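> Here you go, one structure.
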Amino acid sequence: MHLWYSLVDLLLPFGWMHYAFMKNALLGVLLVTPIFGLLGTMIVNNKMAFFSDSLGHSALTGIAIGVIVGNVFPFMEIKPIWSMLVFSVLMTIAILVVKEANTASTDTIIGVFSSTAVALGLVILTRNGGFNKYSGYLIGDFLNISPSDLLTLGIVFVLVISLWVVIFNKLLLSSMNPSLARSRGIRVKQYEYLFAIIMAVIVTISIQWVGILIISSLLIIPAASSRNIAKNMRQYHIYSVLIALISGLSGLILSYFWGTATGATIVLITSGFFALTLVMKLRLGQG
Amino acid sequence: MNHSKCVNSECKTCECNLCCTKINNFGVKRSGVEILKDVNLHIHCGDLTAVIGPNGAGKSTLLKAILGDISHTGELQFLDAKNNGTTRPSIGYVPQKLELDSTSPTSVLDLFAAAHTNLPIWFSYPKRIRERVRESLARTHGEHLINKRLGELSGGELQRVLLALALDPIPHLLLLDEPVSGIDQKGLELFYQTVSILRKNYDLSIILVSHDLNLVAEYADRVAFINNKTIECCGTPEEVFTNEKVIQTFGLDWSKRFQKAEKDRVANALMV
């Protein structure tokens with residue numbers, strides 16, 4: 001950490017970068033936004049925006065379950081993050097299993113699960129009127145990121161990136177036509193589950209900083225903006241990661257000066273990028 | 001069933017010295033409902049076998065069962081020229097369509113690179129991949145499509161790209177699921193011609209699910225008619241298209257036209 005602090009002092013000798021929490025937040029943004037930009041491309045490709053949204057909502061139930069476990073077994077002190085992780089991964093698997101049964105369209109199934117998760121979470125958390133304690137999760141707080149959080153985040157970052165490198169091509173082929181992927185010896189289901197679980201993990205880990213309300217926008221908007229102007233997969237990914245990074249950095253700085261929620265500020269900037277790329281696309285399309 | 005014309009039972013035996021693919025007693029059930037039963041097919045290398053039948057008869061299901069995409073009973077055997085070995089054949093598959101919208105930034109090169117390499121295609125392409133893809137596409141006359149987005153392609157172009165992908169590497173068995181719509185007549189004929197030439201050049205066994213009976217009559221070596229969950233009739237186009245059940249399914253008019261066309265063709269051949 002000391003190395004990082006002195007590096008930031010050297011490179012960014014500004015007043016607002018003087019505080020340790022800003023340096024932590026900066027590192028957090030540098031780790032989180034590229035992953036979001038990268039995963040977002042596949043989420044937009046597979047039309048899974050709604051799915052990522054429901055993952056965010058499931059976090060509420062995860063927190064609630066953590067509270068219950070904490071009440072029942074006071075000796076087990078678990079951080080909400082672990083119960084959130086377990087619950088979101090379980091819910092992901094449940095959604096996929098029910099989806100395979102083919103009883104209703106995918107968005108209906110996700111809708112059912114998502115609302116159930118929110119309702120269950122709210123019922124548990126609002127008992128005795130104590131919801132205010134948890135409302136911070138709705139908005140998220142990037143400035144509250146601790147060095148130990150950063151360590152977790154760093155490990156997840158490395159894991160997700162390396163997994164992503166290994167599975168990406170197979171996942172892409174599976175998403176375009178499962179039977180075609182099968183004919184080339186790809187175990188489609190395995191990759192589908194792996195991708196969904198990666199998504200669940202990354203969304204859950206980041207939710208305390210980005211906030212439940214807007215986390216899926218951060219996944220989707222950079223990729224959606226990039227899609228407006230990209231002509232192949234490579235450009236698609238490069239633009240998406242760049243847009244996520246630039247929005248993350250400028251959002252962090254602006255939120256410091258404006259005193260606004262960092263996650264929301266970042267998302268607003270990505271929306272700006274979307275508008276910009278849309279105009280570019282329309283003008284290019286005409287010209 | 002008219003046994004003199006329907007040679008379904010003959011499909012089971014193999015007395016040839018060529019390599020061949022055998023489908024023995026295939027059956028498919030989904031959620032307890034029987035979709036296919038007792039399907040037997042015997043395909044020689046270099047043969048184009050067309051699968052026809054009414055909508056919902058299970059044509060695409062059969063392809064997916066052969067592919068192993070849905071579970072099935074019965075077995076799939078591949079026998080090489082010496083009739084030894086019952087290894088699973090390597091299969092190339094040309095799907096009806098891809099699940100992507102027209103704005104997707106996936107190029108033809110992306111599609112091939114994703115299938116051939118492990119290095120993620122957003123990171124880098126291996127150096128030789130472009131050359132290999134160009135060679136693959138050349139087989140189906142699609143070299144010029146390499147940098148196009150998949151969403152930009154016409155139905156016929158996409159079909160040729162997918163065919164090129166299925167042929168790299170050259171499989172034992174090629175499965176083609178022809179799109180119901182979206183390809184104009186000219187594109188369709190070009191596709192049949194390409195497939196026909198490839199079959200001879202590479203000695204491929206081909207199973208083609210088709211909706212165009214005229215082209216089937218012209219290009220297929222054998223025709224399998226699927227109806228009522230099984231292959232009701234299997235043989236040469238002449239045999240199948242004069243079968244009563246086939247005539248009933250596709251209508252008398254079509255059959256008459258076919259027979260007339262056949263007569264004309266024979267007459268023309270005799271004149272020459």
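Residues in the structure tokens are numbered from 1 in each chain, the chains being A, B, ... in the order shown, and ligands are numbered from 1 in the order shown.
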Can you list, as a PyMOL selection string, every residue of segment 114-210 of chain A that DSSP puts in alpha helix (DSSP H)?
chain A and resi 114-125+136-139+147-176+178-183+188-210
> Given the selection you just returned, output its residues as a file containing C-alpha atoms, formatted as an mmCIF file, in the first residue's frame.

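Here's the written file selection31.cif:
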```cif
data_model
loop_
_atom_site.group_PDB
_atom_site.id
_atom_site.type_symbol
_atom_site.label_atom_id
_atom_site.label_comp_id
_atom_site.auth_asym_id
_atom_site.auth_seq_id
_atom_site.Cartn_x
_atom_site.Cartn_y
_atom_site.Cartn_z
ATOM 1 C CA SER A 114 -35.310 -10.671 -8.956
ATOM 2 C CA SER A 115 -38.509 -9.394 -7.351
ATOM 3 C CA THR A 116 -38.604 -12.301 -4.946
ATOM 4 C CA ALA A 117 -35.059 -11.554 -3.860
ATOM 5 C CA VAL A 118 -35.761 -7.861 -3.320
ATOM 6 C CA ALA A 119 -38.999 -8.557 -1.459
ATOM 7 C CA LEU A 120 -37.401 -11.165 0.775
ATOM 8 C CA GLY A 121 -34.488 -8.864 1.525
ATOM 9 C CA LEU A 122 -36.769 -5.933 2.330
ATOM 10 C CA VAL A 123 -39.047 -8.012 4.540
ATOM 11 C CA ILE A 124 -36.134 -9.205 6.632
ATOM 12 C CA LEU A 125 -34.262 -5.910 6.760
ATOM 13 C CA GLY A 136 -25.881 2.795 2.131
ATOM 14 C CA TYR A 137 -25.852 -0.300 -0.074
ATOM 15 C CA LEU A 138 -28.402 1.272 -2.385
ATOM 16 C CA ILE A 139 -26.080 4.127 -3.269
ATOM 17 C CA PRO A 147 -6.918 -1.502 2.041
ATOM 18 C CA SER A 148 -8.240 -4.969 2.933
ATOM 19 C CA ASP A 149 -11.127 -4.442 0.475
ATOM 20 C CA LEU A 150 -8.564 -3.536 -2.111
ATOM 21 C CA LEU A 151 -6.696 -6.758 -1.493
ATOM 22 C CA THR A 152 -9.881 -8.789 -2.048
ATOM 23 C CA LEU A 153 -10.595 -6.735 -5.121
ATOM 24 C CA GLY A 154 -7.070 -7.263 -6.449
ATOM 25 C CA ILE A 155 -7.334 -11.036 -6.076
ATOM 26 C CA VAL A 156 -10.738 -11.077 -7.761
ATOM 27 C CA PHE A 157 -9.376 -8.844 -10.516
ATOM 28 C CA VAL A 158 -6.567 -11.266 -11.334
ATOM 29 C CA LEU A 159 -8.881 -14.296 -11.136
ATOM 30 C CA VAL A 160 -11.581 -12.804 -13.328
ATOM 31 C CA ILE A 161 -9.164 -11.545 -15.964
ATOM 32 C CA SER A 162 -7.357 -14.874 -16.231
ATOM 33 C CA LEU A 163 -10.613 -16.853 -16.354
ATOM 34 C CA TRP A 164 -11.918 -14.443 -18.935
ATOM 35 C CA VAL A 165 -8.863 -14.962 -21.107
ATOM 36 C CA VAL A 166 -9.343 -18.723 -20.997
ATOM 37 C CA ILE A 167 -13.086 -18.901 -21.659
ATOM 38 C CA PHE A 168 -13.836 -15.908 -23.860
ATOM 39 C CA ASN A 169 -13.640 -17.474 -27.343
ATOM 40 C CA LYS A 170 -15.650 -20.513 -26.361
ATOM 41 C CA LEU A 171 -18.216 -18.364 -24.643
ATOM 42 C CA LEU A 172 -18.583 -16.177 -27.717
ATOM 43 C CA LEU A 173 -19.157 -19.167 -29.980
ATOM 44 C CA SER A 174 -21.642 -20.687 -27.537
ATOM 45 C CA SER A 175 -23.579 -17.459 -27.367
ATOM 46 C CA MET A 176 -23.868 -17.224 -31.147
ATOM 47 C CA PRO A 178 -25.025 -23.433 -28.952
ATOM 48 C CA SER A 179 -25.332 -26.303 -31.433
ATOM 49 C CA LEU A 180 -22.507 -24.932 -33.540
ATOM 50 C CA ALA A 181 -20.345 -24.672 -30.424
ATOM 51 C CA ARG A 182 -21.233 -28.239 -29.531
ATOM 52 C CA SER A 183 -20.172 -29.449 -32.968
ATOM 53 C CA VAL A 188 -21.718 -25.047 -23.756
ATOM 54 C CA LYS A 189 -23.492 -25.415 -20.439
ATOM 55 C CA GLN A 190 -20.301 -25.419 -18.452
ATOM 56 C CA TYR A 191 -19.257 -22.095 -19.958
ATOM 57 C CA GLU A 192 -22.696 -20.577 -19.534
ATOM 58 C CA TYR A 193 -22.627 -21.357 -15.805
ATOM 59 C CA LEU A 194 -19.058 -20.160 -15.421
ATOM 60 C CA PHE A 195 -19.865 -16.830 -17.048
ATOM 61 C CA ALA A 196 -22.969 -16.282 -14.928
ATOM 62 C CA ILE A 197 -21.049 -17.076 -11.755
ATOM 63 C CA ILE A 198 -18.212 -14.719 -12.691
ATOM 64 C CA MET A 199 -20.825 -12.032 -13.199
ATOM 65 C CA ALA A 200 -22.438 -12.783 -9.859
ATOM 66 C CA VAL A 201 -19.105 -12.572 -8.046
ATOM 67 C CA ILE A 202 -17.957 -9.336 -9.626
ATOM 68 C CA VAL A 203 -21.307 -7.597 -9.189
ATOM 69 C CA THR A 204 -21.555 -8.657 -5.555
ATOM 70 C CA ILE A 205 -18.006 -7.654 -4.677
ATOM 71 C CA SER A 206 -18.405 -4.208 -6.187
ATOM 72 C CA ILE A 207 -21.879 -3.486 -4.912
ATOM 73 C CA GLN A 208 -20.821 -1.887 -1.625
ATOM 74 C CA TRP A 209 -18.909 0.757 -3.555
ATOM 75 C CA VAL A 210 -21.049 1.241 -6.632
#
```
> Among the residues of segment 54-201 of chain B, find those DSSP assigns to strand (DSSP E or B) from the backbone and print them as a list in words.
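Put together, the selection reads Thr73, Gly74, Glu75, Leu76, Gln77, Phe78, Leu79, Ile91, Gly92, Tyr93, Val94, Ser107, Arg149, Leu173, Leu174, Leu175, Leu176 and Asp177 of chain B.
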> Got time to write the residues from that selection, C-alpha atoms, as a short mmCIF file (atom, residue, chain, number, x, y, z; two decimals), in the first residue's frame?

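As a result, selection.cif now contains:
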```
data_model
loop_
_atom_site.label_atom_id
_atom_site.label_comp_id
_atom_site.auth_asym_id
_atom_site.auth_seq_id
_atom_site.Cartn_x
_atom_site.Cartn_y
_atom_site.Cartn_z
CA THR B 73 -31.27 -43.36 -27.69
CA GLY B 74 -29.64 -45.51 -30.34
CA GLU B 75 -26.14 -45.14 -31.70
CA LEU B 76 -24.11 -43.26 -34.21
CA GLN B 77 -21.33 -45.22 -35.92
CA PHE B 78 -18.61 -44.17 -38.24
CA LEU B 79 -16.88 -46.89 -40.26
CA ILE B 91 -19.02 -33.44 -37.43
CA GLY B 92 -19.29 -30.11 -39.16
CA TYR B 93 -22.53 -28.25 -38.57
CA VAL B 94 -24.11 -25.40 -40.48
CA SER B 107 -16.68 -9.77 -37.87
CA ARG B 149 -19.56 -7.76 -39.72
CA LEU B 173 -19.97 -35.88 -41.61
CA LEU B 174 -21.44 -32.54 -42.59
CA LEU B 175 -24.83 -31.51 -41.20
CA LEU B 176 -26.65 -28.68 -42.92
CA ASP B 177 -29.76 -27.06 -41.54
#
```
> Pull out every residue of chain B sitting within 8 Å of chain A, counting only C-alpha atoms, and send them as a ChimeraX atom specification.
/B:64,67-69,91-95,97-100,103-107,110-111,114-115,117-124,149
> Excluding Phe273 of chain A and residues on its chain fewer than 3 positions from it, collect all residues at most 9 Å away from it, counting only C-alpha atoms, and give them as a count of residues only.
12
> Taking 5 positions as the minimum chain separation for residues in the same chain, which residues sit within 8 Å of segment 189-202 of chain B when counting only C-alpha atoms? Answer as a PDB file with N, CA and C atoms, in the first residue's frame.

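Output contents, as saved in around39.pdb:
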```pdb
ATOM      1  N   GLY B  46     -19.380 -39.146 -49.694  1.00  0.00           N
ATOM      2  CA  GLY B  46     -19.620 -38.608 -51.014  1.00  0.00           C
ATOM      3  C   GLY B  46     -21.092 -38.563 -51.372  1.00  0.00           C
ATOM      4  N   ASP B  47     -21.939 -38.967 -50.435  1.00  0.00           N
ATOM      5  CA  ASP B  47     -23.382 -38.939 -50.679  1.00  0.00           C
ATOM      6  C   ASP B  47     -24.012 -37.709 -50.039  1.00  0.00           C
ATOM      7  N   LEU B  48     -24.919 -37.112 -50.770  1.00  0.00           N
ATOM      8  CA  LEU B  48     -25.713 -36.034 -50.204  1.00  0.00           C
ATOM      9  C   LEU B  48     -27.102 -36.586 -49.886  1.00  0.00           C
ATOM     10  N   THR B 140     -15.805 -21.738 -50.202  1.00  0.00           N
ATOM     11  CA  THR B 140     -17.215 -21.463 -50.471  1.00  0.00           C
ATOM     12  C   THR B 140     -17.375 -20.105 -51.163  1.00  0.00           C
ATOM     13  N   GLY B 156     -27.631 -15.501 -47.786  1.00  0.00           N
ATOM     14  CA  GLY B 156     -26.817 -16.420 -48.568  1.00  0.00           C
ATOM     15  C   GLY B 156     -25.340 -16.326 -48.198  1.00  0.00           C
ATOM     16  N   GLN B 159     -24.719 -17.998 -44.885  1.00  0.00           N
ATOM     17  CA  GLN B 159     -24.742 -19.445 -45.039  1.00  0.00           C
ATOM     18  C   GLN B 159     -23.413 -19.961 -45.591  1.00  0.00           C
ATOM     19  N   ARG B 160     -22.827 -19.218 -46.535  1.00  0.00           N
ATOM     20  CA  ARG B 160     -21.553 -19.640 -47.094  1.00  0.00           C
ATOM     21  C   ARG B 160     -20.433 -19.529 -46.062  1.00  0.00           C
ATOM     22  N   ILE B 170     -11.855 -30.298 -42.167  1.00  0.00           N
ATOM     23  CA  ILE B 170     -12.792 -31.109 -42.949  1.00  0.00           C
ATOM     24  C   ILE B 170     -13.344 -32.232 -42.066  1.00  0.00           C
ATOM     25  N   LEU B 215     -34.818 -28.318 -55.516  1.00  0.00           N
ATOM     26  CA  LEU B 215     -33.367 -28.426 -55.445  1.00  0.00           C
ATOM     27  C   LEU B 215     -32.947 -29.783 -54.915  1.00  0.00           C
ATOM     28  N   TYR B 219     -30.262 -32.184 -56.694  1.00  0.00           N
ATOM     29  CA  TYR B 219     -28.902 -32.370 -56.188  1.00  0.00           C
ATOM     30  C   TYR B 219     -28.707 -33.564 -55.250  1.00  0.00           C
TER      31      TYR B 219
END
```
> Fewer than 3 positions away in the same chain doesn't count, so skip those; otherwise give me all residues within 6 Å of segment 222-237 of chain B, counting only C-alpha atoms, as a VMD selection string.
chain B and resid 6 to 8 35 to 37 39 49 to 53 57 217 240 to 241
> Take the residues from that selection and put them in a file with C-alpha atoms, as a PDB file, in the first residue's frame.

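Saved as part.pdb:
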```pdb
ATOM      1  CA  CYS B   6     -39.282 -47.555 -49.769  1.00  0.00           C
ATOM      2  CA  VAL B   7     -35.918 -49.003 -48.999  1.00  0.00           C
ATOM      3  CA  ASN B   8     -35.796 -48.077 -45.353  1.00  0.00           C
ATOM      4  CA  ILE B  35     -40.274 -36.665 -30.957  1.00  0.00           C
ATOM      5  CA  LEU B  36     -38.365 -39.238 -32.964  1.00  0.00           C
ATOM      6  CA  LYS B  37     -38.269 -43.032 -32.860  1.00  0.00           C
ATOM      7  CA  VAL B  39     -34.682 -43.637 -37.076  1.00  0.00           C
ATOM      8  CA  THR B  49     -28.692 -37.211 -48.192  1.00  0.00           C
ATOM      9  CA  ALA B  50     -31.551 -34.740 -47.991  1.00  0.00           C
ATOM     10  CA  VAL B  51     -34.009 -34.894 -45.102  1.00  0.00           C
ATOM     11  CA  ILE B  52     -37.465 -33.624 -45.979  1.00  0.00           C
ATOM     12  CA  GLY B  53     -40.766 -33.645 -44.192  1.00  0.00           C
ATOM     13  CA  ALA B  57     -41.721 -33.430 -38.052  1.00  0.00           C
ATOM     14  CA  ALA B 217     -34.685 -33.491 -56.539  1.00  0.00           C
ATOM     15  CA  VAL B 240     -39.239 -40.997 -52.603  1.00  0.00           C
ATOM     16  CA  PHE B 241     -41.027 -38.445 -54.714  1.00  0.00           C
TER      17      PHE B 241
END
```
> What does the distance from atom CA of Ser181 of chain B to atom CA of His211 of chain B come to in Å, to one decimal?
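So the two atoms, atom CA of Ser181 of chain B and atom CA of His211 of chain B, lie 9.4 Å apart.
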> To one decimal in Å, tell me the separation between atom CA of Leu242 of chain A and atom CA of Val29 of chain A.
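So the answer is 12.6 Å.
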> Within 9 Å of Ile146 of chain B, counting only C-alpha atoms, which residues qualify if same-chain residues fewer than 2 places away don't, as an mmCIF file with N, CA and C atoms, in the first residue's frame?

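Writing the result to part.cif gives the following:
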```
data_model
loop_
_atom_site.group_PDB
_atom_site.id
_atom_site.type_symbol
_atom_site.label_atom_id
_atom_site.label_comp_id
_atom_site.auth_asym_id
_atom_site.auth_seq_id
_atom_site.Cartn_x
_atom_site.Cartn_y
_atom_site.Cartn_z
ATOM 1 N N SER B 107 -17.013 -9.625 -36.461
ATOM 2 C CA SER B 107 -16.684 -9.774 -37.874
ATOM 3 C C SER B 107 -16.562 -11.250 -38.217
ATOM 4 N N VAL B 108 -16.523 -11.535 -39.507
ATOM 5 C CA VAL B 108 -16.366 -12.916 -39.954
ATOM 6 C C VAL B 108 -15.058 -13.480 -39.415
ATOM 7 N N LEU B 109 -14.008 -12.656 -39.458
ATOM 8 C CA LEU B 109 -12.717 -13.078 -38.930
ATOM 9 C C LEU B 109 -12.824 -13.415 -37.438
ATOM 10 N N ASP B 110 -13.582 -12.592 -36.697
ATOM 11 C CA ASP B 110 -13.791 -12.847 -35.260
ATOM 12 C C ASP B 110 -14.388 -14.238 -35.040
ATOM 13 N N ARG B 130 -5.365 -15.257 -40.165
ATOM 14 C CA ARG B 130 -6.021 -14.550 -41.272
ATOM 15 C C ARG B 130 -5.878 -15.336 -42.587
ATOM 16 N N VAL B 133 -8.115 -18.415 -42.461
ATOM 17 C CA VAL B 133 -9.527 -18.071 -42.642
ATOM 18 C C VAL B 133 -9.808 -17.761 -44.105
ATOM 19 N N ARG B 134 -8.878 -17.049 -44.735
ATOM 20 C CA ARG B 134 -9.058 -16.732 -46.148
ATOM 21 C C ARG B 134 -9.156 -18.017 -46.980
ATOM 22 N N LEU B 137 -12.525 -19.650 -46.364
ATOM 23 C CA LEU B 137 -13.617 -18.938 -47.033
ATOM 24 C C LEU B 137 -13.568 -19.152 -48.545
ATOM 25 N N GLY B 142 -16.104 -17.087 -50.485
ATOM 26 C CA GLY B 142 -16.467 -15.989 -49.591
ATOM 27 C C GLY B 142 -15.261 -15.206 -49.097
ATOM 28 N N GLU B 143 -14.138 -15.258 -49.846
ATOM 29 C CA GLU B 143 -12.913 -14.585 -49.378
ATOM 30 C C GLU B 143 -13.145 -13.113 -49.088
ATOM 31 N N HIS B 144 -13.972 -12.486 -49.905
ATOM 32 C CA HIS B 144 -14.157 -11.044 -49.770
ATOM 33 C C HIS B 144 -14.946 -10.657 -48.521
ATOM 34 N N LYS B 148 -16.026 -8.284 -42.983
ATOM 35 C CA LYS B 148 -17.389 -7.772 -42.791
ATOM 36 C C LYS B 148 -17.945 -8.188 -41.448
ATOM 37 N N ARG B 149 -18.854 -7.363 -40.939
ATOM 38 C CA ARG B 149 -19.558 -7.761 -39.723
ATOM 39 C C ARG B 149 -20.591 -8.826 -40.095
ATOM 40 N N VAL B 161 -20.490 -18.468 -45.243
ATOM 41 C CA VAL B 161 -19.488 -18.305 -44.188
ATOM 42 C C VAL B 161 -19.584 -19.455 -43.190
#
```
> One decimal, Å: what's the distance from atom CA of Gly37 of chain A over to atom CA of Phe142 of chain A, could you say?
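Taking atom CA of Gly37 of chain A and atom CA of Phe142 of chain A, their separation equals 17.5 Å.
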> Would you kindly return, as a VMD selection string, each protein, DNA or RNA residue with an atom no farther than 9 Å from any atom of Ala264 of chain A, considering only C-alpha atoms and excluding same-chain residues fewer than 5 positions away?
chain A and resid 139 to 140 210 to 211 213 to 215 251 255 269
